[in-house]
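Q: Quick one: this structure, given as structure tokens, is what I'll be asking you about.
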Amino acid sequence: MEKIKLDQRLLACAEFVRKGSRLADIGTDHAYLPVFLIREKIASYAYACDVADGPLLNAKANIERLNAKNIELRKGDGLNAVEPNEADTFIIAGMGGDLIIKILSDCDWIKNNKYELILQPMTSVEDLHAFLFNNGFEIINEQAVISAGRVYSVIKASFCGVKRKCSAKEYYLGRLTDNIGPAELVYIKRKRRILAKLAEDIKNIESKVDRYNGIIEVIREIDELVGL
């Protein structure tokens with residue numbers, strides 16, 4: 001049997017999936033992730049979803065070639081590809097944080113604590129953090145992962161109904177500081193460099209004083225956490 005090799009980003013997403021889940025992979029592309037999760041007996045059933053025909057044709061070819069069972073192809077825009085009771089776990093990975101926000105914003109029924117979300121934004125992770133907190137989602141877990149020389153964040157979240165403004169640290173780092181391993185350390189140190197430059201750029205702008213103070217506080221907390 002041909003072995004499925006996931007890159008580190010997708011492997012990190014797979015590790016967040018509860019055993020026995022009914023999974024919907026939104027923006028599935030090649031469908032390697034649902035095939036892996038079914039083969040490893042982590043997911044009991046999977047929907048490989050995409051908005052475009054090309055990725056679905058690739059997914060279909062791979063599912064057939066790998067003789068994968070219990071995977072259903074679905075064409076649709078975002079979470080509209082599945083019905084509310086068909087899946088309990090939704091992976092949205094490998095796209096911009098702004099697009100992930102749009103997908104979640106366009107779906108009212110996802111605001112239910114019976115669903116788990118596994119999100120892997122390629123960009124705009126800070127805006128995704130803010131969206132989750134502002135819209136009643138709880139970040140259950142978050143970890144960093146290094147893949148192809150770049151460091152990414154993988155988020156596990158669920159709706160809790162409590163809407164609140166996130167702190168500056170939560171905005172920039174989510175829950176990555178809960179358990180700091182080697183990948184988290186790389187992510188946090190990189191973020192500190194970015195924040196230090198940003199603080200320098202805005203420190204004399206009167207209209208940015210609150211943002212500047214928030215960034216300085218985050219830098220101070222990072223330095224305490226990692227001993228810089």
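Starting from 1 in every chain, residues are counted up; chains themselves are A, B, ... following the order of the structure tokens, and ligands are numbered from 1 as listed.
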Neighbours of range 69-79 of chain A within 7 Å (only C-alpha atoms; same-chain residues fewer than 5 positions away dropped), as a list in words?

A: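 Here the answer would be Ile26, Tyr45, Ala46, Tyr47, Ala48, Cys49, Asp50, Val51, Ile103 and Cys107 of chain A.
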
Q: Using N, CA and C atoms, can you export the residues from the last selection as a PDB file, in the first residue's frame?

A:
```pdb
ATOM      1  N   ILE A  26     -11.964  21.503   4.135  1.00  0.00           N
ATOM      2  CA  ILE A  26     -12.427  22.605   3.287  1.00  0.00           C
ATOM      3  C   ILE A  26     -11.238  23.154   2.501  1.00  0.00           C
ATOM      4  N   TYR A  45     -15.126   9.106   8.866  1.00  0.00           N
ATOM      5  CA  TYR A  45     -15.663   9.458   7.551  1.00  0.00           C
ATOM      6  C   TYR A  45     -15.149  10.847   7.216  1.00  0.00           C
ATOM      7  N   ALA A  46     -14.952  11.115   5.926  1.00  0.00           N
ATOM      8  CA  ALA A  46     -14.399  12.414   5.538  1.00  0.00           C
ATOM      9  C   ALA A  46     -15.058  12.937   4.271  1.00  0.00           C
ATOM     10  N   TYR A  47     -15.235  14.244   4.251  1.00  0.00           N
ATOM     11  CA  TYR A  47     -15.682  14.959   3.063  1.00  0.00           C
ATOM     12  C   TYR A  47     -14.504  15.788   2.558  1.00  0.00           C
ATOM     13  N   ALA A  48     -14.133  15.564   1.310  1.00  0.00           N
ATOM     14  CA  ALA A  48     -13.067  16.334   0.678  1.00  0.00           C
ATOM     15  C   ALA A  48     -13.733  17.421  -0.157  1.00  0.00           C
ATOM     16  N   CYS A  49     -13.654  18.653   0.291  1.00  0.00           N
ATOM     17  CA  CYS A  49     -14.455  19.745  -0.280  1.00  0.00           C
ATOM     18  C   CYS A  49     -13.577  20.786  -0.968  1.00  0.00           C
ATOM     19  N   ASP A  50     -14.075  21.284  -2.081  1.00  0.00           N
ATOM     20  CA  ASP A  50     -13.389  22.378  -2.751  1.00  0.00           C
ATOM     21  C   ASP A  50     -14.391  23.136  -3.606  1.00  0.00           C
ATOM     22  N   VAL A  51     -14.055  24.392  -3.893  1.00  0.00           N
ATOM     23  CA  VAL A  51     -14.955  25.229  -4.679  1.00  0.00           C
ATOM     24  C   VAL A  51     -14.720  25.074  -6.179  1.00  0.00           C
ATOM     25  N   ILE A 103     -14.887  32.552   5.322  1.00  0.00           N
ATOM     26  CA  ILE A 103     -15.570  31.249   5.329  1.00  0.00           C
ATOM     27  C   ILE A 103     -16.362  31.066   6.616  1.00  0.00           C
ATOM     28  N   CYS A 107     -21.041  31.434   7.526  1.00  0.00           N
ATOM     29  CA  CYS A 107     -21.744  30.228   7.997  1.00  0.00           C
ATOM     30  C   CYS A 107     -22.238  30.433   9.434  1.00  0.00           C
TER      31      CYS A 107
END
```

Q: When you count only C-alpha atoms, which of these residues is closest to Arg190 in chain A: A:Ile38, A:Leu173, A:Val209, A:Ile215?

A: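 Among the listed residues, A:Leu173 lies closest to Arg190 in chain A.
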
Q: CA of Asn62 in chain A to CA of Lys102 in chain A: how many Å, to one decimal?

A: 28.4 Å

Q: Find the residues around Ala12 in chain A up to 10 Å (only C-alpha atoms counted), leave out those fewer than 3 positions away in its own chain, and share them as a list in words.

A: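 That gives Leu6, Asp7, Gln8, Arg9, Glu15, Phe16, Val17, Ile118, Gln120, Gln143, Ala144, Val145, Ile146, Ser153, Val154 and Ile155 of chain A.
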
Q: For the residues in the current selection, export C-alpha atoms as a PDB file, in the first residue's frame.

A:
```pdb
ATOM      1  CA  LEU A   6       2.044  14.811   4.681  1.00  0.00           C
ATOM      2  CA  ASP A   7       4.120  17.951   5.052  1.00  0.00           C
ATOM      3  CA  GLN A   8       4.584  19.201   8.594  1.00  0.00           C
ATOM      4  CA  ARG A   9       1.737  21.728   8.311  1.00  0.00           C
ATOM      5  CA  GLU A  15      -2.670  15.624  15.151  1.00  0.00           C
ATOM      6  CA  PHE A  16      -5.446  17.962  16.321  1.00  0.00           C
ATOM      7  CA  VAL A  17      -8.228  15.701  14.977  1.00  0.00           C
ATOM      8  CA  ILE A 118      -8.711  23.175  12.899  1.00  0.00           C
ATOM      9  CA  GLN A 120      -3.983  26.736   9.539  1.00  0.00           C
ATOM     10  CA  GLN A 143       0.980  25.200  18.175  1.00  0.00           C
ATOM     11  CA  ALA A 144       3.680  26.320  15.806  1.00  0.00           C
ATOM     12  CA  VAL A 145       5.083  24.117  13.074  1.00  0.00           C
ATOM     13  CA  ILE A 146       8.073  24.503  10.775  1.00  0.00           C
ATOM     14  CA  SER A 153       0.528  28.501  13.412  1.00  0.00           C
ATOM     15  CA  VAL A 154      -2.083  25.738  13.701  1.00  0.00           C
ATOM     16  CA  ILE A 155      -5.189  26.576  15.736  1.00  0.00           C
TER      17      ILE A 155
END
```

Q: With only C-alpha atoms as the counted atoms, please give the residues lying no more than 8 Å from Arg175 in chain A, apart from itself and same-chain residues fewer than 4 positions off, as a PDB file with N, CA and C atoms, in the first residue's frame.

A:
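Listing of part38.pdb after writing:
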```pdb
ATOM      1  N   ILE A 139     -10.065  29.543  21.539  1.00  0.00           N
ATOM      2  CA  ILE A 139      -8.904  28.808  21.041  1.00  0.00           C
ATOM      3  C   ILE A 139      -8.557  27.739  22.077  1.00  0.00           C
ATOM      4  N   ASN A 141      -6.430  25.114  21.587  1.00  0.00           N
ATOM      5  CA  ASN A 141      -5.009  24.773  21.529  1.00  0.00           C
ATOM      6  C   ASN A 141      -4.408  25.473  20.325  1.00  0.00           C
ATOM      7  N   GLU A 142      -3.142  25.738  20.393  1.00  0.00           N
ATOM      8  CA  GLU A 142      -2.439  26.329  19.259  1.00  0.00           C
ATOM      9  C   GLU A 142      -0.982  25.906  19.340  1.00  0.00           C
ATOM     10  N   GLN A 143      -0.431  25.554  18.200  1.00  0.00           N
ATOM     11  CA  GLN A 143       0.980  25.200  18.175  1.00  0.00           C
ATOM     12  C   GLN A 143       1.624  25.740  16.908  1.00  0.00           C
ATOM     13  N   GLU A 170      -2.575  38.021  22.966  1.00  0.00           N
ATOM     14  CA  GLU A 170      -3.435  37.058  22.269  1.00  0.00           C
ATOM     15  C   GLU A 170      -3.547  37.398  20.790  1.00  0.00           C
TER      16      GLU A 170
END
```

Q: Would you please extract all strand (DSSP E or B) residues from range 55-216 of chain A, as assigned by DSSP on the backbone, and give them as a PyMOL selection string?

A: chain A and resi 71-75+89-95+116-121+137-147+150-159

Q: Take the residues from that selection and write them out as a PDB file, in the first residue's frame, keeping C-alpha atoms.

A:
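So the final result, stored in out-v5.pdb, reads:
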```pdb
ATOM      1  CA  ILE A  71     -14.272   9.712   1.600  1.00  0.00           C
ATOM      2  CA  GLU A  72     -16.869  11.713  -0.289  1.00  0.00           C
ATOM      3  CA  LEU A  73     -16.078  14.543  -2.693  1.00  0.00           C
ATOM      4  CA  ARG A  74     -18.108  17.717  -2.355  1.00  0.00           C
ATOM      5  CA  LYS A  75     -18.108  20.860  -4.489  1.00  0.00           C
ATOM      6  CA  THR A  89     -14.648  18.535  12.678  1.00  0.00           C
ATOM      7  CA  PHE A  90     -13.678  21.067  10.025  1.00  0.00           C
ATOM      8  CA  ILE A  91     -10.169  21.623   8.734  1.00  0.00           C
ATOM      9  CA  ILE A  92      -9.503  24.880   6.894  1.00  0.00           C
ATOM     10  CA  ALA A  93      -5.806  24.875   6.057  1.00  0.00           C
ATOM     11  CA  GLY A  94      -3.366  26.343   3.601  1.00  0.00           C
ATOM     12  CA  MET A  95      -5.179  29.588   2.822  1.00  0.00           C
ATOM     13  CA  GLU A 116     -14.270  21.636  16.302  1.00  0.00           C
ATOM     14  CA  LEU A 117     -12.291  23.833  13.936  1.00  0.00           C
ATOM     15  CA  ILE A 118      -8.711  23.175  12.899  1.00  0.00           C
ATOM     16  CA  LEU A 119      -7.352  26.266  11.184  1.00  0.00           C
ATOM     17  CA  GLN A 120      -3.983  26.736   9.539  1.00  0.00           C
ATOM     18  CA  PRO A 121      -3.648  30.258   8.124  1.00  0.00           C
ATOM     19  CA  PHE A 137     -14.882  31.243  19.580  1.00  0.00           C
ATOM     20  CA  GLU A 138     -12.421  29.793  22.066  1.00  0.00           C
ATOM     21  CA  ILE A 139      -8.904  28.808  21.041  1.00  0.00           C
ATOM     22  CA  ILE A 140      -8.577  25.364  22.634  1.00  0.00           C
ATOM     23  CA  ASN A 141      -5.009  24.773  21.529  1.00  0.00           C
ATOM     24  CA  GLU A 142      -2.439  26.329  19.259  1.00  0.00           C
ATOM     25  CA  GLN A 143       0.980  25.200  18.175  1.00  0.00           C
ATOM     26  CA  ALA A 144       3.680  26.320  15.806  1.00  0.00           C
ATOM     27  CA  VAL A 145       5.083  24.117  13.074  1.00  0.00           C
ATOM     28  CA  ILE A 146       8.073  24.503  10.775  1.00  0.00           C
ATOM     29  CA  SER A 147       7.482  23.355   7.216  1.00  0.00           C
ATOM     30  CA  ARG A 150       8.814  28.573   7.214  1.00  0.00           C
ATOM     31  CA  VAL A 151       7.034  28.693  10.554  1.00  0.00           C
ATOM     32  CA  TYR A 152       3.247  28.551  10.787  1.00  0.00           C
ATOM     33  CA  SER A 153       0.528  28.501  13.412  1.00  0.00           C
ATOM     34  CA  VAL A 154      -2.083  25.738  13.701  1.00  0.00           C
ATOM     35  CA  ILE A 155      -5.189  26.576  15.736  1.00  0.00           C
ATOM     36  CA  LYS A 156      -7.841  24.329  17.269  1.00  0.00           C
ATOM     37  CA  ALA A 157     -10.982  26.280  18.163  1.00  0.00           C
ATOM     38  CA  SER A 158     -14.636  25.837  19.055  1.00  0.00           C
ATOM     39  CA  PHE A 159     -17.585  28.136  19.645  1.00  0.00           C
TER      40      PHE A 159
END
```

Q: Which residues come within 12 Å of Arg39 in chain A, counting only C-alpha atoms, excluding same-chain residues fewer than 2 positions away, as a VMD selection string?

A: chain A and resid 1 to 4 14 19 32 to 37 41 to 46 63 66 to 71

Q: Could you give me the residues within range 87-160 of chain A that DSSP places in helix (DSSP H, G or I), as a ChimeraX atom specification?

A: /A:97-105,125-134

Q: If you count only C-alpha atoms, which residues fall within 7 Å of His129 in chain A, apart from same-chain ones fewer than 4 positions away, as a list in words?

A: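 Residues near the query, excluding close chain neighbours: Val125, Phe133, Tyr171 and Gly174 of chain A.
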
Q: Show me, as a JSON list (two decimals) with all heavy atoms, in the first residue's frame, the residues that have an atom within 10 Å of range 195-201 of chain A when counting only C-alpha atoms, minus same-chain residues fewer than 4 positions from it.

A:
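And here's part07.json as it stands now:
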```
[["chain", "number", "residue", "atom", "x", "y", "z"],
["A", 172, "TYR", "N", -1.28, 38.85, 18.83],
["A", 172, "TYR", "CA", -0.05, 38.53, 18.09],
["A", 172, "TYR", "C", 0.38, 37.07, 18.23],
["A", 172, "TYR", "O", 0.98, 36.52, 17.30],
["A", 172, "TYR", "CB", 1.10, 39.44, 18.54],
["A", 172, "TYR", "CG", 0.92, 40.87, 18.09],
["A", 172, "TYR", "CD1", 0.64, 41.88, 19.01],
["A", 172, "TYR", "CD2", 1.01, 41.22, 16.75],
["A", 172, "TYR", "CE1", 0.47, 43.20, 18.60],
["A", 172, "TYR", "CE2", 0.83, 42.54, 16.33],
["A", 172, "TYR", "CZ", 0.55, 43.52, 17.26],
["A", 172, "TYR", "OH", 0.36, 44.82, 16.85],
["A", 189, "LYS", "N", 10.18, 34.23, 18.58],
["A", 189, "LYS", "CA", 11.34, 35.09, 18.36],
["A", 189, "LYS", "C", 11.21, 35.86, 17.04],
["A", 189, "LYS", "O", 11.59, 37.04, 16.97],
["A", 189, "LYS", "CB", 12.63, 34.26, 18.37],
["A", 189, "LYS", "CG", 13.04, 33.81, 19.75],
["A", 189, "LYS", "CD", 14.37, 33.08, 19.73],
["A", 189, "LYS", "CE", 14.86, 32.75, 21.12],
["A", 189, "LYS", "NZ", 16.16, 32.04, 21.10],
["A", 190, "ARG", "N", 10.69, 35.19, 16.02],
["A", 190, "ARG", "CA", 10.45, 35.89, 14.75],
["A", 190, "ARG", "C", 9.43, 37.01, 14.94],
["A", 190, "ARG", "O", 9.62, 38.12, 14.43],
["A", 190, "ARG", "CB", 9.96, 34.89, 13.70],
["A", 190, "ARG", "CG", 9.63, 35.53, 12.36],
["A", 190, "ARG", "CD", 9.14, 34.49, 11.35],
["A", 190, "ARG", "NE", 8.81, 35.10, 10.08],
["A", 190, "ARG", "CZ", 7.62, 35.66, 9.82],
["A", 190, "ARG", "NH1", 6.67, 35.67, 10.73],
["A", 190, "ARG", "NH2", 7.39, 36.22, 8.64],
["A", 191, "LYS", "N", 8.35, 36.71, 15.67],
["A", 191, "LYS", "CA", 7.33, 37.73, 15.91],
["A", 191, "LYS", "C", 7.90, 38.91, 16.70],
["A", 191, "LYS", "O", 7.56, 40.06, 16.45],
["A", 191, "LYS", "CB", 6.15, 37.11, 16.65],
["A", 191, "LYS", "CG", 4.96, 38.05, 16.82],
["A", 191, "LYS", "CD", 4.37, 38.47, 15.48],
["A", 191, "LYS", "CE", 3.77, 37.30, 14.73],
["A", 191, "LYS", "NZ", 3.13, 37.71, 13.46],
["A", 205, "ILE", "N", 4.35, 58.45, 16.34],
["A", 205, "ILE", "CA", 3.08, 58.80, 15.70],
["A", 205, "ILE", "C", 2.00, 58.87, 16.78],
["A", 205, "ILE", "O", 1.68, 57.86, 17.41],
["A", 205, "ILE", "CB", 2.68, 57.77, 14.62],
["A", 205, "ILE", "CG1", 3.79, 57.68, 13.56],
["A", 205, "ILE", "CG2", 1.35, 58.15, 13.97],
["A", 205, "ILE", "CD1", 3.56, 56.59, 12.52],
["A", 208, "LYS", "N", -0.94, 56.51, 16.97],
["A", 208, "LYS", "CA", -0.61, 55.09, 17.14],
["A", 208, "LYS", "C", -0.12, 54.78, 18.55],
["A", 208, "LYS", "O", 0.41, 53.69, 18.80],
["A", 208, "LYS", "CB", 0.49, 54.68, 16.15],
["A", 208, "LYS", "CG", 0.20, 54.98, 14.69],
["A", 208, "LYS", "CD", -0.74, 53.95, 14.09],
["A", 208, "LYS", "CE", -0.87, 54.13, 12.60],
["A", 208, "LYS", "NZ", -1.80, 53.17, 11.99],
["A", 209, "VAL", "N", -0.32, 55.70, 19.49],
["A", 209, "VAL", "CA", 0.28, 55.52, 20.81],
["A", 209, "VAL", "C", -0.26, 54.28, 21.53],
["A", 209, "VAL", "O", 0.51, 53.55, 22.18],
["A", 209, "VAL", "CB", 0.09, 56.80, 21.67],
["A", 209, "VAL", "CG1", -1.40, 57.06, 21.96],
["A", 209, "VAL", "CG2", 0.89, 56.68, 22.97],
["A", 211, "ARG", "N", -1.44, 51.52, 20.15],
["A", 211, "ARG", "CA", -0.87, 50.34, 19.50],
["A", 211, "ARG", "C", 0.58, 50.16, 19.91],
["A", 211, "ARG", "O", 1.03, 49.04, 20.18],
["A", 211, "ARG", "CB", -1.00, 50.46, 17.98],
["A", 211, "ARG", "CG", -0.63, 49.18, 17.25],
["A", 211, "ARG", "CD", -0.77, 49.31, 15.77],
["A", 211, "ARG", "NE", -0.50, 48.03, 15.12],
["A", 211, "ARG", "CZ", -0.28, 47.89, 13.82],
["A", 211, "ARG", "NH1", -0.33, 48.94, 13.01],
["A", 211, "ARG", "NH2", -0.03, 46.70, 13.30],
["A", 212, "TYR", "N", 1.32, 51.27, 19.93],
["A", 212, "TYR", "CA", 2.72, 51.22, 20.33],
["A", 212, "TYR", "C", 2.87, 50.66, 21.74],
["A", 212, "TYR", "O", 3.69, 49.75, 21.99],
["A", 212, "TYR", "CB", 3.34, 52.62, 20.25],
["A", 212, "TYR", "CG", 4.75, 52.69, 20.79],
["A", 212, "TYR", "CD1", 5.83, 52.29, 20.01],
["A", 212, "TYR", "CD2", 5.00, 53.15, 22.09],
["A", 212, "TYR", "CE1", 7.13, 52.34, 20.51],
["A", 212, "TYR", "CE2", 6.29, 53.21, 22.59],
["A", 212, "TYR", "CZ", 7.35, 52.80, 21.80],
["A", 212, "TYR", "OH", 8.63, 52.84, 22.29],
["A", 213, "ASN", "N", 2.07, 51.15, 22.66],
["A", 213, "ASN", "CA", 2.16, 50.68, 24.05],
["A", 213, "ASN", "C", 1.82, 49.19, 24.15],
["A", 213, "ASN", "O", 2.44, 48.45, 24.92],
["A", 213, "ASN", "CB", 1.21, 51.50, 24.94],
["A", 213, "ASN", "CG", 1.71, 52.92, 25.14],
["A", 213, "ASN", "OD1", 2.90, 53.19, 25.02],
["A", 213, "ASN", "ND2", 0.79, 53.83, 25.44],
["A", 214, "GLY", "N", 0.82, 48.75, 23.37],
["A", 214, "GLY", "CA", 0.47, 47.33, 23.35],
["A", 214, "GLY", "C", 1.61, 46.47, 22.85],
["A", 214, "GLY", "O", 1.89, 45.40, 23.41],
["A", 215, "ILE", "N", 2.28, 46.93, 21.80],
["A", 215, "ILE", "CA", 3.40, 46.18, 21.23],
["A", 215, "ILE", "C", 4.55, 46.10, 22.21],
["A", 215, "ILE", "O", 5.16, 45.03, 22.40],
["A", 215, "ILE", "CB", 3.85, 46.82, 19.90],
["A", 215, "ILE", "CG1", 2.78, 46.59, 18.82],
["A", 215, "ILE", "CG2", 5.20, 46.26, 19.44],
["A", 215, "ILE", "CD1", 3.02, 47.38, 17.55],
["A", 216, "ILE", "N", 4.85, 47.21, 22.86],
["A", 216, "ILE", "CA", 5.94, 47.24, 23.85],
["A", 216, "ILE", "C", 5.64, 46.26, 24.99],
["A", 216, "ILE", "O", 6.54, 45.55, 25.47],
["A", 216, "ILE", "CB", 6.16, 48.67, 24.38],
["A", 216, "ILE", "CG1", 6.70, 49.57, 23.26],
["A", 216, "ILE", "CG2", 7.11, 48.66, 25.57],
["A", 216, "ILE", "CD1", 8.02, 49.11, 22.66],
["A", 218, "VAL", "N", 3.81, 43.52, 24.76],
["A", 218, "VAL", "CA", 3.98, 42.16, 24.24],
["A", 218, "VAL", "C", 5.47, 41.80, 24.17],
["A", 218, "VAL", "O", 5.87, 40.69, 24.55],
["A", 218, "VAL", "CB", 3.33, 42.01, 22.85],
["A", 218, "VAL", "CG1", 3.65, 40.64, 22.25],
["A", 218, "VAL", "CG2", 1.83, 42.19, 22.94],
["A", 219, "ILE", "N", 6.28, 42.73, 23.71],
["A", 219, "ILE", "CA", 7.73, 42.49, 23.65],
["A", 219, "ILE", "C", 8.28, 42.20, 25.04],
["A", 219, "ILE", "O", 9.09, 41.29, 25.23],
["A", 219, "ILE", "CB", 8.45, 43.69, 23.00],
["A", 219, "ILE", "CG1", 8.11, 43.77, 21.50],
["A", 219, "ILE", "CG2", 9.97, 43.59, 23.19],
["A", 219, "ILE", "CD1", 8.62, 45.03, 20.81]]
```
